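Engineer: Next comes model.json, JSON, C-alpha atoms and all ligand atoms:
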```json
[["chain", "number", "residue", "atom", "x", "y", "z"],
["A", 1114, "MET", "CA", 10.23, 4.45, -11.33],
["A", 1115, "LYS", "CA", 7.29, 6.18, -12.91],
["A", 1116, "ILE", "CA", 6.49, 9.36, -10.99],
["A", 1117, "VAL", "CA", 2.97, 10.74, -11.43],
["A", 1118, "ILE", "CA", 2.33, 14.14, -9.86],
["A", 1119, "LEU", "CA", -1.34, 15.12, -9.68],
["A", 1120, "LYS", "CA", -3.24, 18.14, -8.41],
["A", 1121, "ASP", "CA", -4.72, 16.70, -5.22],
["A", 1122, "ALA", "CA", -5.63, 13.63, -3.19],
["A", 1123, "SER", "CA", -8.81, 13.05, -5.16],
["A", 1124, "ALA", "CA", -6.88, 12.85, -8.45],
["A", 1125, "VAL", "CA", -4.40, 10.45, -6.79],
["A", 1126, "ALA", "CA", -7.30, 8.21, -5.72],
["A", 1127, "LYS", "CA", -8.85, 8.19, -9.21],
["A", 1128, "TYR", "CA", -5.55, 7.55, -11.01],
["A", 1129, "SER", "CA", -4.49, 4.70, -8.72],
["A", 1130, "ALA", "CA", -7.96, 3.08, -8.69],
["A", 1131, "ALA", "CA", -7.83, 3.01, -12.51],
["A", 1132, "ILE", "CA", -4.60, 0.97, -12.35],
["A", 1133, "PHE", "CA", -6.27, -1.63, -10.11],
["A", 1134, "ILE", "CA", -9.46, -1.70, -12.20],
["A", 1135, "LYS", "CA", -7.46, -2.29, -15.37],
["A", 1136, "GLN", "CA", -5.53, -5.10, -13.66],
["A", 1137, "ILE", "CA", -8.75, -6.87, -12.61],
["A", 1138, "GLN", "CA", -10.29, -6.39, -16.06],
["A", 1139, "ASN", "CA", -7.19, -7.96, -17.65],
["A", 1140, "LYS", "CA", -6.94, -10.83, -15.15],
["A", 1141, "ALA", "CA", -10.09, -11.55, -13.16],
["A", 1142, "ASP", "CA", -8.32, -13.92, -10.75],
["A", 1143, "CYS", "CA", -5.43, -11.57, -10.02],
["A", 1144, "VAL", "CA", -3.67, -11.28, -6.66],
["A", 1145, "LEU", "CA", -3.76, -7.80, -5.15],
["A", 1146, "GLY", "CA", -1.70, -6.45, -2.27],
["A", 1147, "PHE", "CA", -3.56, -3.94, -0.12],
["A", 1148, "ALA", "CA", -2.40, -1.33, 2.38],
["A", 1149, "THR", "CA", -3.97, 0.47, 5.32],
["A", 1150, "GLY", "CA", -3.62, 4.02, 6.66],
["A", 1151, "SER", "CA", -5.63, 7.10, 5.70],
["A", 1152, "THR", "CA", -4.03, 7.56, 2.28],
["A", 1153, "PRO", "CA", -5.63, 4.64, 0.36],
["A", 1154, "VAL", "CA", -9.17, 5.20, 1.73],
["A", 1155, "ASP", "CA", -10.21, 7.48, -1.16],
["A", 1156, "MET", "CA", -8.85, 4.95, -3.64],
["A", 1157, "TYR", "CA", -10.88, 2.20, -1.93],
["A", 1158, "ASN", "CA", -13.98, 4.39, -2.30],
["A", 1159, "GLU", "CA", -13.24, 4.67, -6.03],
["A", 1160, "LEU", "CA", -12.99, 0.86, -6.24],
["A", 1161, "ILE", "CA", -16.29, 0.49, -4.37],
["A", 1162, "ASN", "CA", -17.94, 2.91, -6.84],
["A", 1163, "ALA", "CA", -16.48, 1.02, -9.79],
["A", 1164, "TYR", "CA", -17.93, -2.22, -8.36],
["A", 1165, "LYS", "CA", -21.34, -0.61, -7.79],
["A", 1166, "ASN", "CA", -21.34, 0.74, -11.36],
["A", 1167, "ARG", "CA", -20.60, -2.83, -12.59],
["A", 1168, "GLN", "CA", -17.30, -1.70, -14.06],
["A", 1169, "VAL", "CA", -15.44, -4.40, -12.15],
["A", 1170, "SER", "CA", -16.04, -7.54, -10.09],
["A", 1171, "PHE", "CA", -13.74, -8.82, -7.36],
["A", 1172, "ASP", "CA", -15.30, -12.26, -7.12],
["A", 1173, "GLN", "CA", -12.20, -14.08, -8.35],
["A", 1174, "VAL", "CA", -9.62, -11.75, -6.78],
["A", 1175, "SER", "CA", -7.30, -12.87, -3.95],
["A", 1176, "SER", "CA", -5.59, -10.37, -1.71],
["A", 1177, "PHE", "CA", -2.79, -10.00, 0.81],
["A", 1178, "ASN", "CA", -2.41, -7.12, 3.22],
["A", 1179, "LEU", "CA", 0.94, -5.68, 4.11],
["A", 1180, "ASP", "CA", 0.78, -5.73, 7.87],
["A", 1181, "GLU", "CA", -1.11, -6.14, 11.12],
["A", 1182, "TYR", "CA", -0.63, -5.09, 14.73],
["A", 1183, "LEU", "CA", 0.64, -7.88, 16.92],
["A", 1184, "GLY", "CA", -1.79, -8.56, 19.76],
["A", 1185, "LEU", "CA", -4.97, -7.44, 17.99],
["A", 1186, "SER", "CA", -7.53, -9.92, 16.71],
["A", 1187, "GLY", "CA", -9.43, -9.23, 13.49],
["A", 1188, "ASP", "CA", -12.54, -8.07, 15.32],
["A", 1189, "HIS", "CA", -10.65, -5.33, 17.19],
["A", 1190, "GLN", "CA", -11.69, -1.99, 15.70],
["A", 1191, "GLN", "CA", -8.08, -0.80, 15.32],
["A", 1192, "SER", "CA", -6.87, -3.99, 13.67],
["A", 1193, "TYR", "CA", -5.99, -3.77, 10.01],
["A", 1194, "ARG", "CA", -8.32, -6.73, 9.28],
["A", 1195, "PHE", "CA", -11.19, -4.70, 10.70],
["A", 1196, "PHE", "CA", -10.05, -1.68, 8.66],
["A", 1197, "MET", "CA", -9.99, -3.64, 5.40],
["A", 1198, "ASN", "CA", -13.43, -5.19, 5.97],
["A", 1199, "ASP", "CA", -14.84, -1.81, 6.93],
["A", 1200, "LYS", "CA", -13.23, 0.32, 4.20],
["A", 1201, "LEU", "CA", -13.32, -2.09, 1.27],
["A", 1202, "PHE", "CA", -14.16, -5.78, 1.57],
["A", 1203, "ASP", "CA", -17.66, -5.38, 3.05],
["A", 1204, "HIS", "CA", -18.67, -3.17, 0.12],
["A", 1205, "ILE", "CA", -17.51, -5.30, -2.82],
["A", 1206, "ASP", "CA", -18.04, -8.90, -3.95],
["A", 1207, "ILE", "CA", -14.62, -10.20, -2.90],
["A", 1208, "ASP", "CA", -14.66, -13.64, -1.24],
["A", 1209, "LEU", "CA", -13.43, -12.95, 2.32],
["A", 1210, "ALA", "CA", -11.87, -16.42, 2.40],
["A", 1211, "LYS", "CA", -9.51, -15.26, -0.36],
["A", 1212, "THR", "CA", -8.37, -12.19, 1.60],
["A", 1213, "THR", "CA", -5.32, -12.56, 3.83],
["A", 1214, "VAL", "CA", -4.22, -10.14, 6.53],
["A", 1215, "PRO", "CA", -1.33, -11.29, 8.74],
["A", 1216, "PRO", "CA", -2.91, -12.77, 11.90],
["A", 1217, "GLY", "CA", -2.20, -10.36, 14.76],
["A", 1218, "ASP", "CA", -3.59, -12.79, 17.32],
["A", 1219, "SER", "CA", -1.64, -15.86, 16.20],
["A", 1220, "LYS", "CA", -0.36, -18.05, 19.06],
["A", 1221, "ASN", "CA", 2.84, -18.55, 17.09],
["A", 1222, "PRO", "CA", 3.47, -15.35, 15.11],
["A", 1223, "ILE", "CA", 6.85, -16.54, 13.84],
["A", 1224, "ASP", "CA", 5.23, -19.55, 12.17],
["A", 1225, "ALA", "CA", 2.44, -17.28, 10.97],
["A", 1226, "CYS", "CA", 5.00, -15.13, 9.10],
["A", 1227, "ALA", "CA", 6.45, -18.18, 7.33],
["A", 1228, "HIS", "CA", 2.94, -19.38, 6.49],
["A", 1229, "PHE", "CA", 2.04, -15.94, 5.06],
["A", 1230, "GLU", "CA", 5.10, -16.07, 2.76],
["A", 1231, "ARG", "CA", 4.22, -19.59, 1.58],
["A", 1232, "LYS", "CA", 0.65, -18.56, 0.87],
["A", 1233, "ILE", "CA", 1.78, -15.72, -1.42],
["A", 1234, "ILE", "CA", 3.89, -18.20, -3.38],
["A", 1235, "GLU", "CA", 1.03, -20.73, -3.56],
["A", 1236, "CYS", "CA", -1.21, -17.99, -5.03],
["A", 1237, "GLY", "CA", 1.37, -17.34, -7.75],
["A", 1238, "GLY", "CA", 2.77, -14.08, -6.34],
["A", 1239, "ILE", "CA", 1.27, -10.62, -6.07],
["A", 1240, "ASP", "CA", 0.28, -8.85, -9.30],
["A", 1241, "ILE", "CA", 0.03, -5.34, -7.85],
["A", 1242, "GLN", "CA", 1.09, -4.28, -4.37],
["A", 1243, "LEU", "CA", -0.34, -1.02, -3.05],
["A", 1244, "LEU", "CA", 1.80, 0.96, -0.59],
["A", 1245, "GLY", "CA", 1.33, 3.99, 1.59],
["A", 1246, "LEU", "CA", 4.32, 5.79, 3.03],
["A", 1247, "GLY", "CA", 5.28, 6.54, 6.62],
["A", 1248, "ARG", "CA", 6.70, 9.99, 7.40],
["A", 1249, "ASN", "CA", 10.01, 8.27, 8.13],
["A", 1250, "GLY", "CA", 9.96, 6.46, 4.77],
["A", 1251, "HIS", "CA", 8.54, 3.18, 6.07],
["A", 1252, "ILE", "CA", 6.52, 0.88, 3.83],
["A", 1253, "GLY", "CA", 4.22, -1.64, 5.49],
["A", 1254, "PHE", "CA", 5.74, -1.55, 8.97],
["A", 1255, "ASN", "CA", 9.32, -1.82, 7.69],
["A", 1256, "GLU", "CA", 10.83, 0.89, 9.83],
["A", 1257, "PRO", "CA", 14.15, 2.61, 9.03],
["A", 1258, "SER", "CA", 17.06, 0.15, 9.41],
["A", 1259, "SER", "CA", 14.95, -2.75, 8.05],
["A", 1260, "SER", "CA", 16.96, -5.00, 5.77],
["A", 1261, "LEU", "CA", 16.18, -4.19, 2.15],
["A", 1262, "SER", "CA", 15.83, -7.93, 1.50],
["A", 1263, "SER", "CA", 13.75, -8.69, 4.61],
["A", 1264, "ARG", "CA", 10.89, -11.20, 4.58],
["A", 1265, "THR", "CA", 7.60, -11.18, 6.50],
["A", 1266, "ARG", "CA", 8.47, -10.90, 10.19],
["A", 1267, "ILE", "CA", 7.77, -9.17, 13.48],
["A", 1268, "LYS", "CA", 8.95, -5.56, 13.71],
["A", 1269, "THR", "CA", 9.22, -3.19, 16.64],
["A", 1270, "LEU", "CA", 7.62, 0.14, 15.78],
["A", 1271, "LYS", "CA", 9.43, 3.46, 16.13],
["A", 1272, "GLN", "CA", 8.03, 5.97, 18.57],
["A", 1273, "GLN", "CA", 7.30, 8.39, 15.68],
["A", 1274, "THR", "CA", 5.14, 5.73, 13.97],
["A", 1275, "ILE", "CA", 3.35, 4.92, 17.24],
["A", 1276, "ASN", "CA", 2.67, 8.63, 17.72],
["A", 1277, "ASP", "CA", 1.51, 9.08, 14.10],
["A", 1278, "ASN", "CA", -0.98, 6.21, 14.47],
["A", 1279, "ALA", "CA", -2.11, 7.15, 18.02],
["A", 1280, "ARG", "CA", -5.03, 9.12, 16.52],
["A", 1281, "PHE", "CA", -6.73, 5.80, 15.73],
["A", 1282, "PHE", "CA", -6.29, 4.51, 19.30],
["A", 1283, "LYS", "CA", -7.45, 7.54, 21.27],
["A", 1284, "ASP", "CA", -10.09, 5.68, 23.29],
["A", 1285, "GLU", "CA", -7.97, 2.56, 23.86],
["A", 1286, "THR", "CA", -5.79, 1.53, 26.77],
["A", 1287, "PHE", "CA", -3.51, -0.59, 24.59],
["A", 1288, "GLN", "CA", -1.68, 0.48, 21.42],
["A", 1289, "PRO", "CA", 0.60, -2.26, 20.10],
["A", 1290, "HIS", "CA", 4.29, -1.49, 19.70],
["A", 1291, "LEU", "CA", 4.92, -4.57, 17.59],
["A", 1292, "ALA", "CA", 3.54, -5.63, 14.22],
["A", 1293, "ILE", "CA", 3.79, -8.37, 11.62],
["A", 1294, "THR", "CA", 4.83, -6.88, 8.30],
["A", 1295, "MET", "CA", 5.54, -8.14, 4.82],
["A", 1296, "GLY", "CA", 9.30, -7.70, 4.32],
["A", 1297, "ILE", "CA", 10.88, -5.30, 1.85],
["A", 1298, "GLY", "CA", 12.25, -8.28, -0.11],
["A", 1299, "THR", "CA", 8.73, -9.74, -0.20],
["A", 1300, "ILE", "CA", 7.27, -6.43, -1.42],
["A", 1301, "LEU", "CA", 9.90, -6.13, -4.15],
["A", 1302, "GLU", "CA", 8.76, -9.49, -5.57],
["A", 1303, "ALA", "CA", 5.35, -8.06, -6.51],
["A", 1304, "ARG", "CA", 5.08, -7.75, -10.30],
["A", 1305, "LYS", "CA", 3.94, -4.14, -10.00],
["A", 1306, "ILE", "CA", 4.04, -1.70, -7.09],
["A", 1307, "VAL", "CA", 1.89, 1.41, -6.67],
["A", 1308, "LEU", "CA", 2.91, 3.79, -3.88],
["A", 1309, "LEU", "CA", 0.55, 6.60, -2.88],
["A", 1310, "ALA", "CA", 1.42, 9.69, -0.85],
["A", 1311, "THR", "CA", -0.49, 12.90, -0.31],
["A", 1312, "GLY", "CA", 0.01, 16.00, 1.77],
["A", 1313, "LYS", "CA", 2.91, 18.11, 2.89],
["A", 1314, "ASN", "CA", 3.91, 15.84, 5.77],
["A", 1315, "LYS", "CA", 4.99, 13.19, 3.23],
["A", 1316, "ALA", "CA", 7.15, 15.57, 1.14],
["A", 1317, "GLN", "CA", 10.49, 14.74, 2.79],
["A", 1318, "ALA", "CA", 9.86, 10.98, 2.71],
["A", 1319, "ILE", "CA", 8.92, 11.26, -0.99],
["A", 1320, "ALA", "CA", 12.08, 13.23, -1.78],
["A", 1321, "ASP", "CA", 14.18, 10.62, 0.07],
["A", 1322, "THR", "CA", 12.35, 7.75, -1.69],
["A", 1323, "ILE", "CA", 12.81, 9.15, -5.20],
["A", 1324, "GLN", "CA", 15.96, 11.27, -5.06],
["A", 1325, "GLY", "CA", 17.84, 9.96, -2.08],
["A", 1326, "PRO", "CA", 20.36, 7.13, -1.96],
["A", 1327, "ILE", "CA", 19.06, 3.56, -1.64],
["A", 1328, "THR", "CA", 19.34, 3.09, 2.07],
["A", 1329, "ALA", "CA", 17.78, 1.11, 4.90],
["A", 1330, "GLN", "CA", 17.31, 4.50, 6.59],
["A", 1331, "CYS", "CA", 14.53, 5.17, 4.07],
["A", 1332, "PRO", "CA", 12.94, 1.75, 3.39],
["A", 1333, "ALA", "CA", 10.87, 3.07, 0.47],
["A", 1334, "SER", "CA", 14.09, 3.98, -1.37],
["A", 1335, "ALA", "CA", 14.41, 0.22, -2.08],
["A", 1336, "LEU", "CA", 11.70, 0.78, -4.72],
["A", 1337, "GLN", "CA", 14.40, 2.34, -6.90],
["A", 1338, "LEU", "CA", 15.48, -1.28, -7.49],
["A", 1339, "HIS", "CA", 12.05, -2.38, -8.71],
["A", 1340, "ALA", "CA", 11.46, -2.37, -12.47],
["A", 1341, "ASN", "CA", 7.72, -1.66, -12.39],
["A", 1342, "THR", "CA", 6.90, 0.86, -9.67],
["A", 1343, "VAL", "CA", 4.49, 3.77, -10.03],
["A", 1344, "ILE", "CA", 4.61, 6.54, -7.43],
["A", 1345, "VAL", "CA", 1.38, 8.53, -7.45],
["A", 1346, "ILE", "CA", 1.51, 11.74, -5.40],
["A", 1347, "ASP", "CA", -0.18, 15.11, -5.09],
["A", 1348, "GLU", "CA", 1.51, 18.49, -5.51],
["A", 1349, "LEU", "CA", 2.04, 18.85, -1.74],
["A", 1350, "ALA", "CA", 3.79, 15.49, -1.37],
["A", 1351, "ALA", "CA", 5.90, 16.38, -4.44],
["A", 1352, "SER", "CA", 6.91, 19.78, -3.05],
["A", 1353, "LYS", "CA", 10.43, 18.78, -1.98],
["A", 1354, "LEU", "CA", 11.41, 17.13, -5.27],
["A", 1355, "THR", "CA", 14.00, 19.19, -7.12],
["A", 1356, "ASN", "CA", 12.92, 18.23, -10.64],
["A", 1357, "ILE", "CA", 9.12, 18.33, -10.59],
["A", 1358, "ASP", "CA", 8.89, 19.84, -14.09],
["A", 1359, "PHE", "CA", 10.99, 17.05, -15.56],
["A", 1360, "PHE", "CA", 8.82, 14.36, -13.92],
["A", 1361, "LYS", "CA", 5.69, 16.06, -15.28],
["A", 1362, "HIS", "CA", 7.26, 16.28, -18.73],
["A", 1363, "ILE", "CA", 8.10, 12.56, -18.69],
["A", 1364, "GLU", "CA", 4.54, 11.70, -17.68],
["A", 1365, "ARG", "CA", 3.09, 13.81, -20.52],
["A", 1366, "GLU", "CA", 5.39, 11.99, -22.97],
["A", 1367, "ASN", "CA", 4.38, 8.61, -21.48],
["A", 1368, "GLN", "CA", 0.73, 9.45, -21.95],
["A", 1369, "LYS", "CA", 1.28, 10.46, -25.58],
["A", 1370, "LEU", "CA", 3.12, 7.21, -26.21],
["A", 1371, "GLU", "CA", 0.48, 5.08, -24.49],
["A", 1372, "LYS", "CA", -2.26, 6.84, -26.45],
["A", 1373, "SER", "CA", -0.51, 6.29, -29.77],
["A", 1374, "LEU", "CA", -0.05, 2.61, -28.91],
["A", 1375, "GLY", "CA", -3.70, 2.31, -27.80],
["A", 1376, "LEU", "CA", -2.74, 1.22, -24.28],
["A", 1401, "LIG", "C1", 0.96, 2.80, 8.91],
["A", 1401, "LIG", "C2", 0.91, 1.61, 7.96],
["A", 1401, "LIG", "C3", 1.55, 1.92, 6.63],
["A", 1401, "LIG", "C4", 1.02, 3.24, 6.10],
["A", 1401, "LIG", "C5", 1.37, 4.34, 7.06],
["A", 1401, "LIG", "C6", 0.97, 5.71, 6.59],
["A", 1401, "LIG", "O1", 2.14, 2.90, 9.60],
["A", 1401, "LIG", "N1", 1.52, 0.45, 8.50],
["A", 1401, "LIG", "O2", 1.30, 0.86, 5.72],
["A", 1401, "LIG", "O3", 1.57, 3.50, 4.84],
["A", 1401, "LIG", "O4", 0.69, 4.04, 8.28],
["A", 1401, "LIG", "O5", -0.36, 5.99, 6.94],
["A", 1401, "LIG", "P1", -1.19, 7.23, 6.43],
["A", 1401, "LIG", "O6", -1.63, 6.88, 5.06],
["A", 1401, "LIG", "O7", -2.34, 7.28, 7.41],
["A", 1401, "LIG", "O8", -0.32, 8.41, 6.50]]
```
Would you mind writing the structure in this file as structure tokens?
Structural biologist:
Amino acid sequence: MKIVILKDASAVAKYSAAIFIKQIQNKADCVLGFATGSTPVDMYNELINAYKNRQVSFDQVSSFNLDEYLGLSGDHQQSYRFFMNDKLFDHIDIDLAKTTVPPGDSKNPIDACAHFERKIIECGGIDIQLLGLGRNGHIGFNEPSSSLSSRTRIKTLKQQTINDNARFFKDETFQPHLAITMGIGTILEARKIVLLATGKNKAQAIADTIQGPITAQCPASALQLHANTVIVIDELAASKLTNIDFFKHIERENQKLEKSLGL
């Protein structure tokens, strides 16, 4: 895993947006995996700015989102489909028909999960999957104890996750306790993975992800098995790592090497 420790959330957004921009510039019809939550919003703003400055076009890009609440239709303000349209898709030239968010209002969600998996394969697989990180180490909605080779399926959310996300539902009578999520096995098939985490409340989950054992108790620790993962974090999220200086040293060396190779 490549660990990139940056000063603050704004630097994390700029660094990670640059990875996505480079991907689109290298392959205009690439397949991107998007995530929801507060963490990627600044990165999405960077992508919107890059589009407005004509640095990048999304008109041939396809996308898959990690997860969706079960029981919410795409026009519900707390649905992840609504979030993606609002925070990114409505501000760029992506073809909405090429964007896929698991259907939270499907009449047969089990079939919908199988269909979602097939669709990823039909598109040729995901080039870059973006991930946020739950405080308990979840990725997508793969809660602790999820199989590390799981596929897209319905998951029951932990109370801590429901509480963490309650801020978005404060005026609602219904907050789903179930979700459809891409599986950990599905995520690990992406050709590249970029995980973002910022702030002190992610420090323990980051330490467990990077330095802990590979365990279903910290789903993000499965990324240790992926050959092309970049973890982009700010100083606060890095604060419980024991070898911060070494990670920074490696990154400086990587940058020197990339520069000398013109990458
Ligand atoms: C939700 C999402 C995750 C996200 C997590 C963290 O549970 N399903 O994909 O990573 O929230 O969200 P935040 O970035 O708001 O901390």
Engineer: Looking at A:Asn1139, A:Gln1242, A:Asn1198, A:Ser1352, which one is nearest to ligand LIG 1401 (chain A), with distances taken over only C-alpha atoms and all ligand atoms?
Structural biologist: A:Gln1242
Engineer: To check your reading of the model: which residues sit at most 7 Å from ligand LIG 1401 (chain A) when counting only C-alpha atoms and all ligand atoms? Write the answer as number ranges by chain.
Structural biologist: A: 1148-1153, 1179-1180, 1244-1247, 1252-1254, 1274, 1278
Engineer: Store the residues of this selection in a file with C-alpha atoms, as a short mmCIF file (atom, residue, chain, number, x, y, z; two decimals), in the coordinates of the input.
Structural biologist:
```cif
data_model
loop_
_atom_site.label_atom_id
_atom_site.label_comp_id
_atom_site.auth_asym_id
_atom_site.auth_seq_id
_atom_site.Cartn_x
_atom_site.Cartn_y
_atom_site.Cartn_z
CA ALA A 1148 -2.40 -1.33 2.38
CA THR A 1149 -3.97 0.47 5.32
CA GLY A 1150 -3.62 4.02 6.66
CA SER A 1151 -5.63 7.10 5.70
CA THR A 1152 -4.03 7.56 2.28
CA PRO A 1153 -5.63 4.64 0.36
CA LEU A 1179 0.94 -5.68 4.11
CA ASP A 1180 0.78 -5.73 7.87
CA LEU A 1244 1.80 0.96 -0.59
CA GLY A 1245 1.33 3.99 1.59
CA LEU A 1246 4.32 5.79 3.03
CA GLY A 1247 5.28 6.54 6.62
CA ILE A 1252 6.52 0.88 3.83
CA GLY A 1253 4.22 -1.64 5.49
CA PHE A 1254 5.74 -1.55 8.97
CA THR A 1274 5.14 5.73 13.97
CA ASN A 1278 -0.98 6.21 14.47
#
```
Engineer: Identify which of the residues A:Lys1211, A:His1189, A:Lys1271, A:Arg1365 lies closest to Asp1142 (chain A), counting only C-alpha atoms when measuring atom-to-atom distances.
Structural biologist: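 Distance minimum relative to Asp1142 (chain A) lands on A:Lys1211.
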Engineer: Here is a test: counting all atoms listed in the file, which residue of A:Ala1292, A:Ile1357, A:Leu1261, A:Leu1209 is nearest to Ser1334 (chain A)?
Structural biologist: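 The shortest atom-to-atom distance to Ser1334 (chain A) comes from A:Leu1261.
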Engineer: Work out how far apart CA of Val1169 (chain A) and CA of Leu1301 (chain A) are and give it in Å to one decimal.
Structural biologist: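 Separation between CA of Val1169 (chain A) and CA of Leu1301 (chain A): 26.6 Å.
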Engineer: Taking 4 positions as the minimum chain separation for residues in the same chain, which residues sit within 6 Å of Gly1250 (chain A) when counting all atoms listed in the file? Answer as number ranges by chain.
Structural biologist: A: 1246, 1318, 1331-1333
Engineer: Keeping C-alpha atoms, export the residues of the selection given above as a tab-separated table (two decimals), in the frame of the given file.
Structural biologist:
```tsv
chain	number	residue	atom	x	y	z
A	1246	LEU	CA	4.32	5.79	3.03
A	1318	ALA	CA	9.86	10.98	2.71
A	1331	CYS	CA	14.53	5.17	4.07
A	1332	PRO	CA	12.94	1.75	3.39
A	1333	ALA	CA	10.87	3.07	0.47
```
Engineer: I'd like the neighbourhood of Asn1178 (chain A) as a list of chain:residue names, where a residue qualifies if any of its atoms comes within 6 Å (using all atoms listed in the file), though same-chain residues fewer than 6 positions away should be ignored.
Structural biologist: A:Gly1146, A:Phe1147, A:Ala1148, A:Val1214
Engineer: As an exercise, work out the distance from CA of Asp1203 (chain A) to CA of Tyr1182 (chain A) in Å and give it to one decimal place.
Structural biologist: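 Computing the Euclidean distance for CA of Asp1203 (chain A) and CA of Tyr1182 (chain A) yields 20.7 Å.
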Engineer: Restricting the calculation to all atoms listed in the file: of A:Asp1277, A:Glu1181, A:Asp1240, A:Asp1188, which residue gets closest to Lys1135 (chain A)?
Structural biologist: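 Counting all atoms listed in the file, the residue closest to Lys1135 (chain A) is A:Asp1240.
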Engineer: Using all atoms listed in the file, what table do you get, as CSV, when you list each residue of region 1162-1195 of chain A with an atom no more than 9 Å from region 1216-1221 of chain A, its nearest pair of atoms, and their distance in Å rounded to one decimal, rows by chain then rising number?
Structural biologist:
```
residue,atom,partner,partner_atom,distance
A:Asp1180,CA,A:Gly1217,CA,8.8
A:Glu1181,CA,A:Gly1217,CA,5.7
A:Tyr1182,CA,A:Gly1217,CA,5.5
A:Leu1183,CA,A:Gly1217,CA,4.3
A:Gly1184,CA,A:Asp1218,CA,5.2
A:Leu1185,CA,A:Gly1217,CA,5.2
A:Ser1186,CA,A:Asp1218,CA,4.9
A:Gly1187,CA,A:Gly1217,CA,7.4
A:Ser1192,CA,A:Gly1217,CA,8.0
A:Tyr1193,CA,A:Gly1217,CA,9.0
A:Arg1194,CA,A:Pro1216,CA,8.5
```
Engineer: Which one of A:Leu1291, A:Cys1236, A:Ala1141, A:Ile1132 sits closest to Gln1173 (chain A) if you count all atoms listed in the file?
Structural biologist: A:Ala1141
Engineer: Taking into account all atoms listed in the file, which residue in the set A:Gly1312, A:Pro1222, A:Gly1296, A:Pro1257 is nearest to Leu1119 (chain A)?
Structural biologist: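 Ranking A:Gly1312, A:Pro1222, A:Gly1296, A:Pro1257 by distance to Leu1119 (chain A), first place goes to A:Gly1312.
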Engineer: Name all residues at most 10 Å from Gly1298 (chain A) (count only C-alpha atoms; drop same-chain ones fewer than 6 positions away) and give them as a list in words.
Structural biologist: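 After dropping sequence-adjacent residues, the list is Ser1260, Leu1261, Ser1262, Ser1263, Arg1264, Thr1265 and Ala1335 of chain A.
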Engineer: Any idea what the distance is between CA of Met1295 (chain A) and CA of Asp1321 (chain A)?
Structural biologist: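 CA of Asp1321 (chain A) lies at a distance of 21.2 Å from CA of Met1295 (chain A).
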Engineer: I want to know what sits within 8 Å of region 1114-1117 of chain A, based on all atoms listed in the file, with residues of the same chain fewer than 5 positions away left out; could you give that as a PyMOL selection string?
Structural biologist: chain A and resi 1336-1337+1339-1346+1360-1361+1364
Engineer: At a cut-off of 6 Å from (2.3, -3.4, -7.6) in the coordinates of the file, what residues are picked up using only C-alpha atoms, written as number ranges by chain?
Structural biologist: A: 1241-1243, 1303-1307
Engineer: For a quick check of your reading of the model, name the residues lying within 12 Å of the coordinate (-18.9, -2.9, -6.8), counting all atoms listed in the file, and write them as a PyMOL selection string.
Structural biologist: chain A and resi 1134+1157-1172+1201-1207
Engineer: Using the file's own x, y and z axes, what box holds all listed atoms of region 1277-1281 of chain A with 5 Å on each side, keeping edges along x, y and z, and what are its centre and edge lengths in Å to one decimal, as lines of an AutoDock Vina configuration file?
Structural biologist:
```
center_x = -2.6
center_y = 7.5
center_z = 16.1
size_x = 18.2
size_y = 13.3
size_z = 13.9
```
